[in-house]
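Undergrad: Got a structure here, written out as structure tokens. Questions coming.
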Number of protein chains: 2
Amino acid sequence: MGWGDLGVFGEPSKETPNLDQMASEGMLFLDFYTASPLCSPSRAALLTGRLPVRNGFYTTNAHARNAYTPQDIVGGIPDSELLLPELLKKAGYTNKIIGKWHLGHRPQFHPMKHGFDEWFGSPNCHFGPFDNRALPNIPVYRDWEMIGRYYEDFKIDLKTGEANLTQIYLQEALDFISKQQASQQPFFLYWAIDATHAPVYASKRFLGTSQRGLYGDAVREIDDSIGKILKHLQKLGISENTFVFFTSDNGAALISAPKQGGSNGRFLCGKQTTFEGGMREPAIAWWPGHIPAGGVSHQLGNVMDLFTTSLSLAGLQPPSDRQIDGIDLLPAILQGKLIDRPIFYYRGNEMMAVRVGLYKAHYWTWSNSWEEYSKGVDFCPGQNVSGVTTHTQEEHTTLPLLFHLGRDPGEKYPLSFASDEYQRAMEQISVVVRQHKATMVPGEPQLNVCDKAVMNWSPPGCEKLGKCLKQPKSDPKKCFWPH
Amino acid sequence: MGWGDLGVFGEPSKETPNLDQMASEGMLFLDFYTASPLCSPSRAALLTGRLPVRNGFYTTNAHARNAYTPQDIVGGIPDSELLLPELLKKAGYTNKIIGKWHLGHRPQFHPMKHGFDEWFGSPNCHFGPFDNRALPNIPVYRDWEMIGRYYEDFKIDLKTGEANLTQIYLQEALDFISKQQASQQPFFLYWAIDATHAPVYASKRFLGTSQRGLYGDAVREIDDSIGKILKHLQKLGISENTFVFFTSDNGAALISAPKQGGSNGRFLCGKQTTFEGGMREPAIAWWPGHIPAGGVSHQLGNVMDLFTTSLSLAGLQPPSDRQIDGIDLLPAILQGKLIDRPIFYYRGNEMMAVRVGLYKAHYWTWSNSWEEYSKGVDFCPGQNVSGVTTHTQEEHTTLPLLFHLGRDPGEKYPLSFASDEYQRAMEQISVVVRQHKATMVPGEPQLNVCDKAVMNWSPPGCEKLGKCLKQPKSDPKKCFWPH
């Protein structure tokens, strides 16, 4: 989902009454970011509190490329990384992930080897092959074992767009919360549903109900589900003991718009890019009785902050043996403070841009290559800002492109290099960037090697279901990351 | 102002707490339009309930050109038109206009000759010449006579952007409301301030307070003023007897962005165009005790509806001797009904587009000419939708460009001409358009002739102030309308 998909952020059909109400009862973050414009690195950052370039969720196969964990990826989350659920365990939390894991699917990367006590969901995105058996459909796990596959046991009707997956994930969440409340155990629930990812789907009750088409139906179902989760917490009497945060892992994918792609409001471009449309996220914090209702925060926030903030809520300290990029947002959330901190916009191994205050400096610009663009891959449809949405990787490291995001949130009007304002802002930004680069120790890149042999041919439990597929011979190669 | 300038419509700095609160206490219209993408025709439509092509506020000097009432315009609102205040008088209302009139400045067009009992404000826009006397600065009237001129007696500091005009207009409104309440007289107040028109200004208290720069300062001052007006109504105990409607006369001017131009959210282009950015407007209805708080309406609305709705509120019927385009919105506002009606997008003498339900069909497309564009005049900066934002007037009358505004509010993805959806939608739309064109009787165009002699050289009252300027010889010419 994108920033602009919520009514409260100005989607013209205003079809998210539950999220809008969540905002009116909680705090809306207007300047909240993901750590990467793509799924896997963003989620790795959320769970480790660290930039993907530190935790290994990036590639060095080519410069400034987005990489993730498709079925043939060899790498995954390193054992050396400390994940939020691992740490929360120490404070007695039961941890569950529902939905998409996306930090690697080989046995050593299983979420229950990284701190989760329960899992219901899938390791990858539900890309096809959909209806043939040349490649495996992705598995759905319950805890250690596969219980079926997408398109086989967990149907998605690609013609009508009907699927019950969000309902299944919702019920799983409600049941888990009930169970935890009954046993009086604190819990961490990572509700990482895969809607609204393409191919987009919704359950029958929501199909055709949105002004926005199938994508809007999916958004409405998510909105409805979140309303049900919040009401469930209230009904169980634990809403004042439960901190809830809603956000997304990257900007809306405009390449699949309008049928399968959402909205980033008036921000430039979408998923895969380091423009605001690729990385600014809808974000709402909700905690009745603690967070003042109807609050609005301009705190620069990041999904990595959810790591540090969650630890803080649990009375834990973040690890001191490594660089943590996430900050504790509680002073911003509970006392309305504004904490000075930069936002770094990475694409793969390159810091493309940085935001300091209201200024954003682009050190590199790239939408995608001419080659991809000529094939119809467009991350900025109907948006072409000359010298900004470039189709070659343009280096601006000596003279960054500078925008004032207050006056120009759409990144359309670079400040004049000769202006006093440019000079003043860049002096401040340069210090931040120098310090960041001087202390940066990149992790071992995990997303360089692909091999068809590692695909989900025979996940644990496949024998019981008669769903094991024959694994081909190993043939490791450099993964190809075009964007 | 534009649709996207309000926090409640997704402006990322969310700096309109009073307008946002007005929406939360009243009803937000998401699909509300002006009758023209430019000031004068839009205001003429609001006050007559009729399309500009009927009431004469258009030009036939060239095809599909926006025209307005600059200082050298010869025409103005015809006597044959019945204006809202003229009709409200019959029900005992006292009518006041504060701010910009814009329906002609020659004596016969004076607002007090067209139903207003009081006037404080100016007949035209406050364009320069600013500091020389070659051409007259526009006058500020109190009722029948000029009491000073912009830039002379009513200062705008073009360097700092400081001006007290919005405060002056605010005080005038508060005083008028108090007076009416004291005398127990019903009133119609048309608070038509000229901010945020370029050159943009704000009073000292607001300068530098916005994340958005000077334009944002002006928006904040308007927002603050509206909050004060609503509170004043409440303090006087007449809020439950007073219907308040907030809207704008055209989309934000992107040509002057980012310094002097606002935001149309994710809509395409801005002022001067018949894309959504040019004509979809922020709109809020407020009437405590009558309008359900927090309501949201998808009723297709238009500034012309304010004519008919106001008459309805006053217990009056609209004139039956002429075509009225505005509809009574009260069923939508008070009972949540949806009234089926089309929206016509005119540019001068041409129906450029029509909206029926969620479909919008463009019969003509044009942003502006290559000649203007090459001079830097850009109504769609950073937005170029191939075949849509055309720089020549493109006719599509045999095969209109069709958009679904629910799935694609940004008008980026025309539907395929060959699709069933296109065929079905166009069948319905064609009937509406045929009927509209068959019954259309254009009024005498008022905006064809310009003459320097008619400028505000010597408005009534200038002698008392020693501010009469020498009128040049009459030399009537066809006005030049480049857009």
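Following the order of the structure tokens, first chain is A, next is B, and so on, with residues numbered from 1 inside each chain and ligands from 1 in the order they appear.
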Can you tell me, as a list of chain:residue names, what residues are no more than 10 Å from Arg322 of chain A when counting only C-alpha atoms, ignoring any on the same chain fewer than 3 positions away?

TA: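 My reading of the contact set: A:Arg50, A:Arg54, A:Glu81, A:Leu82, A:Pro318, A:Pro319, A:Asp325.
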
Undergrad: How would the residues just picked look written out with N, CA, C and O atoms as a short mmCIF file (atom, residue, chain, number, x, y, z; two decimals), in the first residue's frame?

TA:
data_model
loop_
_atom_site.label_atom_id
_atom_site.label_comp_id
_atom_site.auth_asym_id
_atom_site.auth_seq_id
_atom_site.Cartn_x
_atom_site.Cartn_y
_atom_site.Cartn_z
N ARG A 50 17.94 -2.28 11.66
CA ARG A 50 19.16 -1.88 10.96
C ARG A 50 18.91 -1.72 9.46
O ARG A 50 18.09 -2.43 8.88
N ARG A 54 23.43 -2.94 6.24
CA ARG A 54 24.13 -3.50 7.40
C ARG A 54 23.73 -4.95 7.64
O ARG A 54 24.57 -5.80 7.95
N GLU A 81 22.34 -11.78 12.90
CA GLU A 81 21.40 -10.68 13.16
C GLU A 81 20.47 -11.04 14.32
O GLU A 81 20.01 -12.18 14.43
N LEU A 82 20.21 -10.05 15.14
CA LEU A 82 19.29 -10.23 16.26
C LEU A 82 17.94 -9.65 15.87
O LEU A 82 17.82 -8.44 15.63
N PRO A 318 18.09 -1.98 23.30
CA PRO A 318 18.56 -2.52 22.03
C PRO A 318 19.99 -3.06 22.19
O PRO A 318 20.70 -2.66 23.11
N PRO A 319 20.39 -4.00 21.35
CA PRO A 319 21.75 -4.57 21.44
C PRO A 319 22.79 -3.45 21.36
O PRO A 319 22.62 -2.50 20.60
N ASP A 325 19.95 1.41 13.70
CA ASP A 325 19.51 2.63 13.03
C ASP A 325 18.16 3.14 13.52
O ASP A 325 17.84 4.32 13.38
#

Undergrad: Near chain A, meaning an atom within 7 Å, which residues of chain B appear when counting only C-alpha atoms? Write them as a list of chain:residue names.

TA: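 My answer is B:Val8, B:Phe9, B:Gly10, B:Pro12, B:Ser13, B:Leu30, B:Gln211, B:Arg212, B:Gly213, B:Pro258, B:Gly265, B:Arg266, B:Gly382, B:Gln383, B:Asn384, B:Val385, B:Gly406, B:Arg407, B:Asp408, B:Lys412.
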
Undergrad: Write out, as a short mmCIF file (atom, residue, chain, number, x, y, z; two decimals), in the first residue's frame, the residues just selected, with N, CA, C and O atoms.

TA:
data_model
loop_
_atom_site.label_atom_id
_atom_site.label_comp_id
_atom_site.auth_asym_id
_atom_site.auth_seq_id
_atom_site.Cartn_x
_atom_site.Cartn_y
_atom_site.Cartn_z
N VAL B 8 -7.15 17.71 5.54
CA VAL B 8 -8.17 16.66 5.44
C VAL B 8 -8.20 16.04 4.04
O VAL B 8 -8.69 14.92 3.87
N PHE B 9 -7.63 16.73 3.06
CA PHE B 9 -7.51 16.15 1.71
C PHE B 9 -6.09 15.65 1.44
O PHE B 9 -5.73 15.40 0.29
N GLY B 10 -5.27 15.55 2.48
CA GLY B 10 -3.98 14.87 2.32
C GLY B 10 -2.78 15.76 2.10
O GLY B 10 -1.72 15.27 1.69
N PRO B 12 0.55 17.03 2.93
CA PRO B 12 1.45 16.33 3.86
C PRO B 12 1.88 17.15 5.08
O PRO B 12 2.34 16.56 6.06
N SER B 13 1.74 18.46 5.03
CA SER B 13 2.13 19.21 6.24
C SER B 13 0.96 19.38 7.19
O SER B 13 1.14 19.78 8.34
N LEU B 30 -16.21 15.21 -1.59
CA LEU B 30 -15.00 14.74 -2.26
C LEU B 30 -15.05 14.95 -3.76
O LEU B 30 -14.04 14.88 -4.44
N GLN B 211 5.38 25.03 6.98
CA GLN B 211 6.41 24.19 6.33
C GLN B 211 6.44 24.47 4.84
O GLN B 211 7.41 24.16 4.16
N ARG B 212 5.36 25.04 4.31
CA ARG B 212 5.18 25.14 2.87
C ARG B 212 5.64 26.46 2.29
O ARG B 212 5.42 26.73 1.11
N GLY B 213 6.23 27.32 3.12
CA GLY B 213 6.65 28.61 2.62
C GLY B 213 5.51 29.61 2.62
O GLY B 213 4.47 29.40 3.26
N PRO B 258 6.66 26.21 -6.86
CA PRO B 258 6.14 25.94 -5.52
C PRO B 258 6.00 27.20 -4.67
O PRO B 258 5.36 27.15 -3.64
N GLY B 265 -3.44 17.97 -4.92
CA GLY B 265 -3.32 16.58 -4.51
C GLY B 265 -2.78 15.74 -5.65
O GLY B 265 -1.85 16.14 -6.34
N ARG B 266 -3.38 14.61 -5.88
CA ARG B 266 -2.89 13.72 -6.95
C ARG B 266 -3.63 13.97 -8.26
O ARG B 266 -3.47 13.19 -9.21
N GLY B 382 5.84 18.74 -14.24
CA GLY B 382 6.21 17.38 -13.80
C GLY B 382 5.16 16.34 -14.13
O GLY B 382 5.26 15.21 -13.70
N GLN B 383 4.13 16.77 -14.88
CA GLN B 383 3.06 15.83 -15.24
C GLN B 383 2.89 15.87 -16.75
O GLN B 383 2.54 16.91 -17.30
N ASN B 384 3.16 14.80 -17.38
CA ASN B 384 2.96 14.73 -18.82
C ASN B 384 2.35 13.38 -19.13
O ASN B 384 3.01 12.36 -19.01
N VAL B 385 1.09 13.40 -19.46
CA VAL B 385 0.42 12.16 -19.81
C VAL B 385 0.21 12.18 -21.32
O VAL B 385 -0.53 13.01 -21.84
N GLY B 406 -12.50 6.67 -10.32
CA GLY B 406 -12.32 5.91 -9.08
C GLY B 406 -10.99 5.17 -9.11
O GLY B 406 -10.16 5.30 -8.21
N ARG B 407 -10.76 4.44 -10.17
CA ARG B 407 -9.50 3.68 -10.29
C ARG B 407 -8.34 4.59 -10.65
O ARG B 407 -7.19 4.28 -10.38
N ASP B 408 -8.65 5.70 -11.29
CA ASP B 408 -7.61 6.52 -11.89
C ASP B 408 -7.93 8.02 -11.72
O ASP B 408 -8.14 8.73 -12.71
N LYS B 412 -4.50 9.25 -15.84
CA LYS B 412 -3.27 8.80 -16.48
C LYS B 412 -3.48 7.63 -17.44
O LYS B 412 -2.62 7.33 -18.26
#

Undergrad: From segment 389-437 of chain A, collect each residue whose DSSP state is strand (DSSP E) and return the set as a ChimeraX atom specification.

TA: /A:394-395,401-404

Undergrad: Mind dumping the selected residues with all heavy atoms as a PDB file, in the first residue's frame?

TA:
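Writing the result to selection_35.pdb gives the following:
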ATOM      1  N   GLU A 394      22.249   8.564 -12.492  1.00  0.00           N
ATOM      2  CA  GLU A 394      22.953   9.849 -12.539  1.00  0.00           C
ATOM      3  C   GLU A 394      23.582  10.143 -11.190  1.00  0.00           C
ATOM      4  O   GLU A 394      22.912  10.142 -10.164  1.00  0.00           O
ATOM      5  CB  GLU A 394      21.970  10.971 -12.890  1.00  0.00           C
ATOM      6  CG  GLU A 394      21.389  10.897 -14.292  1.00  0.00           C
ATOM      7  CD  GLU A 394      22.426  11.138 -15.388  1.00  0.00           C
ATOM      8  OE1 GLU A 394      23.419  11.867 -15.126  1.00  0.00           O
ATOM      9  OE2 GLU A 394      22.248  10.587 -16.492  1.00  0.00           O
ATOM     10  N   GLU A 395      24.861  10.420 -11.221  1.00  0.00           N
ATOM     11  CA  GLU A 395      25.571  10.738  -9.982  1.00  0.00           C
ATOM     12  C   GLU A 395      25.526  12.246  -9.726  1.00  0.00           C
ATOM     13  O   GLU A 395      25.792  13.047 -10.615  1.00  0.00           O
ATOM     14  CB  GLU A 395      27.024  10.276 -10.081  1.00  0.00           C
ATOM     15  CG  GLU A 395      27.793  10.485  -8.790  1.00  0.00           C
ATOM     16  CD  GLU A 395      29.150   9.796  -8.781  1.00  0.00           C
ATOM     17  OE1 GLU A 395      29.522   9.213  -9.819  1.00  0.00           O
ATOM     18  OE2 GLU A 395      29.816   9.844  -7.737  1.00  0.00           O
ATOM     19  N   LEU A 401      21.138  17.080  -5.882  1.00  0.00           N
ATOM     20  CA  LEU A 401      19.852  17.720  -6.193  1.00  0.00           C
ATOM     21  C   LEU A 401      19.119  17.910  -4.876  1.00  0.00           C
ATOM     22  O   LEU A 401      18.881  16.944  -4.152  1.00  0.00           O
ATOM     23  CB  LEU A 401      18.995  16.809  -7.068  1.00  0.00           C
ATOM     24  CG  LEU A 401      19.333  16.662  -8.536  1.00  0.00           C
ATOM     25  CD1 LEU A 401      18.239  15.836  -9.213  1.00  0.00           C
ATOM     26  CD2 LEU A 401      19.464  18.016  -9.204  1.00  0.00           C
ATOM     27  N   LEU A 402      18.737  19.147  -4.600  1.00  0.00           N
ATOM     28  CA  LEU A 402      18.141  19.439  -3.286  1.00  0.00           C
ATOM     29  C   LEU A 402      16.695  19.891  -3.438  1.00  0.00           C
ATOM     30  O   LEU A 402      16.381  20.762  -4.259  1.00  0.00           O
ATOM     31  CB  LEU A 402      18.963  20.525  -2.587  1.00  0.00           C
ATOM     32  CG  LEU A 402      18.590  20.848  -1.150  1.00  0.00           C
ATOM     33  CD1 LEU A 402      18.890  19.656  -0.224  1.00  0.00           C
ATOM     34  CD2 LEU A 402      19.342  22.083  -0.656  1.00  0.00           C
ATOM     35  N   PHE A 403      15.815  19.292  -2.620  1.00  0.00           N
ATOM     36  CA  PHE A 403      14.398  19.675  -2.607  1.00  0.00           C
ATOM     37  C   PHE A 403      13.992  20.086  -1.197  1.00  0.00           C
ATOM     38  O   PHE A 403      14.521  19.566  -0.215  1.00  0.00           O
ATOM     39  CB  PHE A 403      13.514  18.500  -3.042  1.00  0.00           C
ATOM     40  CG  PHE A 403      13.712  18.096  -4.471  1.00  0.00           C
ATOM     41  CD1 PHE A 403      14.626  17.105  -4.811  1.00  0.00           C
ATOM     42  CD2 PHE A 403      12.995  18.711  -5.479  1.00  0.00           C
ATOM     43  CE1 PHE A 403      14.817  16.731  -6.129  1.00  0.00           C
ATOM     44  CE2 PHE A 403      13.166  18.338  -6.809  1.00  0.00           C
ATOM     45  CZ  PHE A 403      14.088  17.352  -7.126  1.00  0.00           C
ATOM     46  N   HIS A 404      13.039  21.017  -1.130  1.00  0.00           N
ATOM     47  CA  HIS A 404      12.410  21.372   0.143  1.00  0.00           C
ATOM     48  C   HIS A 404      11.059  20.667   0.168  1.00  0.00           C
ATOM     49  O   HIS A 404      10.137  21.035  -0.568  1.00  0.00           O
ATOM     50  CB  HIS A 404      12.231  22.892   0.234  1.00  0.00           C
ATOM     51  CG  HIS A 404      11.716  23.347   1.569  1.00  0.00           C
ATOM     52  ND1 HIS A 404      10.399  23.252   1.936  1.00  0.00           N
ATOM     53  CD2 HIS A 404      12.356  23.890   2.636  1.00  0.00           C
ATOM     54  CE1 HIS A 404      10.239  23.725   3.165  1.00  0.00           C
ATOM     55  NE2 HIS A 404      11.414  24.117   3.614  1.00  0.00           N
TER      56      HIS A 404
END

Undergrad: By how many Å are atom CA of Gln181 of chain B and atom CA of Gly26 of chain B apart?

TA: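 These atoms are spaced 22.3 Å apart.
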
Undergrad: Based on DSSP run over this structure's backbone, return all residues of segment 126-340 of chain B in alpha helix (DSSP H), as a PyMOL selection string.

TA: chain B and resi 165-182+214-235+276-279+304-313+330-335

Undergrad: Neighbouring residues of segment 422-435 of chain A were defined as those with any atom within 10 Å, considering only C-alpha atoms; residues of the same chain fewer than 2 positions away were excluded. Please report them as an MDAnalysis selection string.

TA: chainID A and resid 341:342 344 351 353:361 399:404 414:420 437:440

Undergrad: I need the residues from that last selection saved to file as an mmCIF file, in the first residue's frame (with N, CA and C atoms), if you can.

TA:
data_model
loop_
_atom_site.group_PDB
_atom_site.id
_atom_site.type_symbol
_atom_site.label_atom_id
_atom_site.label_comp_id
_atom_site.auth_asym_id
_atom_site.auth_seq_id
_atom_site.Cartn_x
_atom_site.Cartn_y
_atom_site.Cartn_z
ATOM 1 N N ARG A 341 16.819 13.591 13.517
ATOM 2 C CA ARG A 341 17.474 12.410 12.937
ATOM 3 C C ARG A 341 17.308 12.460 11.420
ATOM 4 N N PRO A 342 18.282 11.924 10.703
ATOM 5 C CA PRO A 342 18.153 11.907 9.237
ATOM 6 C C PRO A 342 17.416 10.655 8.758
ATOM 7 N N PHE A 344 17.810 7.984 5.564
ATOM 8 C CA PHE A 344 18.647 7.597 4.429
ATOM 9 C C PHE A 344 17.817 6.759 3.460
ATOM 10 N N MET A 351 23.628 4.706 -1.123
ATOM 11 C CA MET A 351 22.816 5.744 -0.498
ATOM 12 C C MET A 351 22.431 6.738 -1.589
ATOM 13 N N ALA A 353 19.874 9.023 -1.452
ATOM 14 C CA ALA A 353 19.392 10.318 -0.991
ATOM 15 C C ALA A 353 19.368 10.342 0.516
ATOM 16 N N VAL A 354 19.247 11.546 1.051
ATOM 17 C CA VAL A 354 19.140 11.699 2.507
ATOM 18 C C VAL A 354 18.177 12.839 2.790
ATOM 19 N N ARG A 355 17.387 12.680 3.850
ATOM 20 C CA ARG A 355 16.511 13.766 4.296
ATOM 21 C C ARG A 355 16.985 14.249 5.662
ATOM 22 N N VAL A 356 17.164 15.558 5.756
ATOM 23 C CA VAL A 356 17.510 16.201 7.026
ATOM 24 C C VAL A 356 16.508 17.340 7.207
ATOM 25 N N GLY A 357 15.688 17.247 8.210
ATOM 26 C CA GLY A 357 14.624 18.239 8.381
ATOM 27 C C GLY A 357 13.683 18.180 7.194
ATOM 28 N N LEU A 358 13.426 19.328 6.599
ATOM 29 C CA LEU A 358 12.529 19.346 5.436
ATOM 30 C C LEU A 358 13.292 19.248 4.114
ATOM 31 N N TYR A 359 14.614 19.159 4.193
ATOM 32 C CA TYR A 359 15.410 19.082 2.973
ATOM 33 C C TYR A 359 15.734 17.641 2.610
ATOM 34 N N LYS A 360 15.661 17.374 1.313
ATOM 35 C CA LYS A 360 16.061 16.063 0.817
ATOM 36 C C LYS A 360 17.078 16.269 -0.294
ATOM 37 N N ALA A 361 18.235 15.638 -0.119
ATOM 38 C CA ALA A 361 19.301 15.756 -1.112
ATOM 39 C C ALA A 361 19.466 14.425 -1.821
ATOM 40 N N LEU A 399 27.370 17.660 -6.312
ATOM 41 C CA LEU A 399 26.380 18.735 -6.277
ATOM 42 C C LEU A 399 24.987 18.102 -6.213
ATOM 43 N N PRO A 400 24.617 17.648 -5.026
ATOM 44 C CA PRO A 400 23.337 16.922 -4.913
ATOM 45 C C PRO A 400 22.143 17.764 -5.368
ATOM 46 N N LEU A 401 21.138 17.080 -5.882
ATOM 47 C CA LEU A 401 19.852 17.720 -6.193
ATOM 48 C C LEU A 401 19.119 17.910 -4.876
ATOM 49 N N LEU A 402 18.737 19.147 -4.600
ATOM 50 C CA LEU A 402 18.141 19.439 -3.286
ATOM 51 C C LEU A 402 16.695 19.891 -3.438
ATOM 52 N N PHE A 403 15.815 19.292 -2.620
ATOM 53 C CA PHE A 403 14.398 19.675 -2.607
ATOM 54 C C PHE A 403 13.992 20.086 -1.197
ATOM 55 N N HIS A 404 13.039 21.017 -1.130
ATOM 56 C CA HIS A 404 12.410 21.372 0.143
ATOM 57 C C HIS A 404 11.059 20.667 0.168
ATOM 58 N N PRO A 414 13.927 21.358 -8.059
ATOM 59 C CA PRO A 414 15.206 21.374 -7.341
ATOM 60 C C PRO A 414 15.603 22.820 -7.022
ATOM 61 N N LEU A 415 16.181 23.014 -5.840
ATOM 62 C CA LEU A 415 16.652 24.354 -5.481
ATOM 63 C C LEU A 415 17.842 24.727 -6.361
ATOM 64 N N SER A 416 17.974 26.014 -6.596
ATOM 65 C CA SER A 416 19.102 26.503 -7.383
ATOM 66 C C SER A 416 20.408 26.260 -6.624
ATOM 67 N N PHE A 417 21.387 25.703 -7.329
ATOM 68 C CA PHE A 417 22.696 25.431 -6.710
ATOM 69 C C PHE A 417 23.325 26.702 -6.189
ATOM 70 N N ALA A 418 22.979 27.810 -6.811
ATOM 71 C CA ALA A 418 23.630 29.074 -6.458
ATOM 72 C C ALA A 418 22.958 29.779 -5.287
ATOM 73 N N SER A 419 21.826 29.253 -4.842
ATOM 74 C CA SER A 419 21.080 29.985 -3.805
ATOM 75 C C SER A 419 21.727 29.843 -2.429
ATOM 76 N N ASP A 420 21.514 30.836 -1.600
ATOM 77 C CA ASP A 420 21.976 30.772 -0.207
ATOM 78 C C ASP A 420 21.338 29.591 0.506
ATOM 79 N N LYS A 437 28.747 7.886 6.240
ATOM 80 C CA LYS A 437 29.618 7.079 5.372
ATOM 81 C C LYS A 437 30.879 6.640 6.109
ATOM 82 N N ALA A 438 31.386 7.507 6.966
ATOM 83 C CA ALA A 438 32.635 7.199 7.665
ATOM 84 C C ALA A 438 32.465 6.017 8.616
ATOM 85 N N THR A 439 31.258 5.860 9.158
ATOM 86 C CA THR A 439 31.052 4.805 10.157
ATOM 87 C C THR A 439 30.311 3.601 9.593
ATOM 88 N N MET A 440 30.029 3.639 8.293
ATOM 89 C CA MET A 440 29.240 2.550 7.694
ATOM 90 C C MET A 440 30.095 1.307 7.483
#

Undergrad: May I have the residues within 10 Å of Gln21 of chain B as an MDAnalysis selection string, using only C-alpha atoms and disregarding those fewer than 6 positions away in the same chain?

TA: chainID B and resid 8 227 293:294

Undergrad: With N, CA and C atoms retained, write the just-selected residues as a compact mmCIF listing (two decimals), in the first residue's frame.

TA:
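Here's the written file out-v4.txt:
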# COMPACT_ATOMS: atom_id res chain seq x y z
N VAL B 8 -7.15 17.71 5.54
CA VAL B 8 -8.17 16.66 5.44
C VAL B 8 -8.20 16.04 4.04
N GLY B 227 -11.72 29.52 11.06
CA GLY B 227 -11.95 29.07 12.42
C GLY B 227 -12.56 30.19 13.26
N ALA B 293 -22.32 15.37 11.89
CA ALA B 293 -20.87 15.59 12.03
C ALA B 293 -20.08 14.46 11.39
N GLY B 294 -18.99 14.82 10.73
CA GLY B 294 -18.09 13.81 10.16
C GLY B 294 -18.61 13.15 8.90

Undergrad: Quick one, how far is atom CA of Met279 of chain A from atom CA of Gly387 of chain A?

TA: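 Calculated distance between atom CA of Met279 of chain A and atom CA of Gly387 of chain A is 19.8 Å.
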
Undergrad: For Ile77 of chain B, list every protein, DNA or RNA residue within 7 Å, evaluated using only C-alpha atoms, and leave out those in the same chain fewer than 4 positions away; present the list as a list of chain:residue names.

TA: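 Returned residues: B:Leu103, B:Gly104, B:Phe109.
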
Undergrad: Closest to Leu38 of chain A among A:Asp224, A:Glu118, A:Asp249, A:Glu162, using only C-alpha atoms?

TA: A:Asp249

Undergrad: Using only C-alpha atoms for the distances, tell me which of B:Gln335, B:Asn61, B:Gln184, B:Thr196 is nearest to Thr94 of chain B.

TA: B:Gln184

Undergrad: Quick one: residues within 10 Å of Lys478 of chain B, only C-alpha atoms counted, chain neighbours fewer than 3 positions away excluded, as a PDB file with C-alpha atoms, in the first residue's frame?

TA:
ATOM      1  CA  THR B  59     -15.249  34.612 -24.936  1.00  0.00           C
ATOM      2  CA  THR B  60     -15.706  33.757 -28.591  1.00  0.00           C
ATOM      3  CA  ASN B  61     -12.500  35.532 -29.649  1.00  0.00           C
ATOM      4  CA  ILE B  73     -12.429  44.383 -19.790  1.00  0.00           C
ATOM      5  CA  LEU B 447     -15.501  38.878 -22.344  1.00  0.00           C
ATOM      6  CA  ASN B 448     -14.619  39.679 -25.941  1.00  0.00           C
ATOM      7  CA  VAL B 449     -13.795  43.374 -25.850  1.00  0.00           C
ATOM      8  CA  CYS B 450     -10.981  45.099 -23.975  1.00  0.00           C
ATOM      9  CA  ASP B 451     -10.243  48.812 -23.781  1.00  0.00           C
ATOM     10  CA  TRP B 481      -6.766  35.242 -24.288  1.00  0.00           C
TER      11      TRP B 481
END
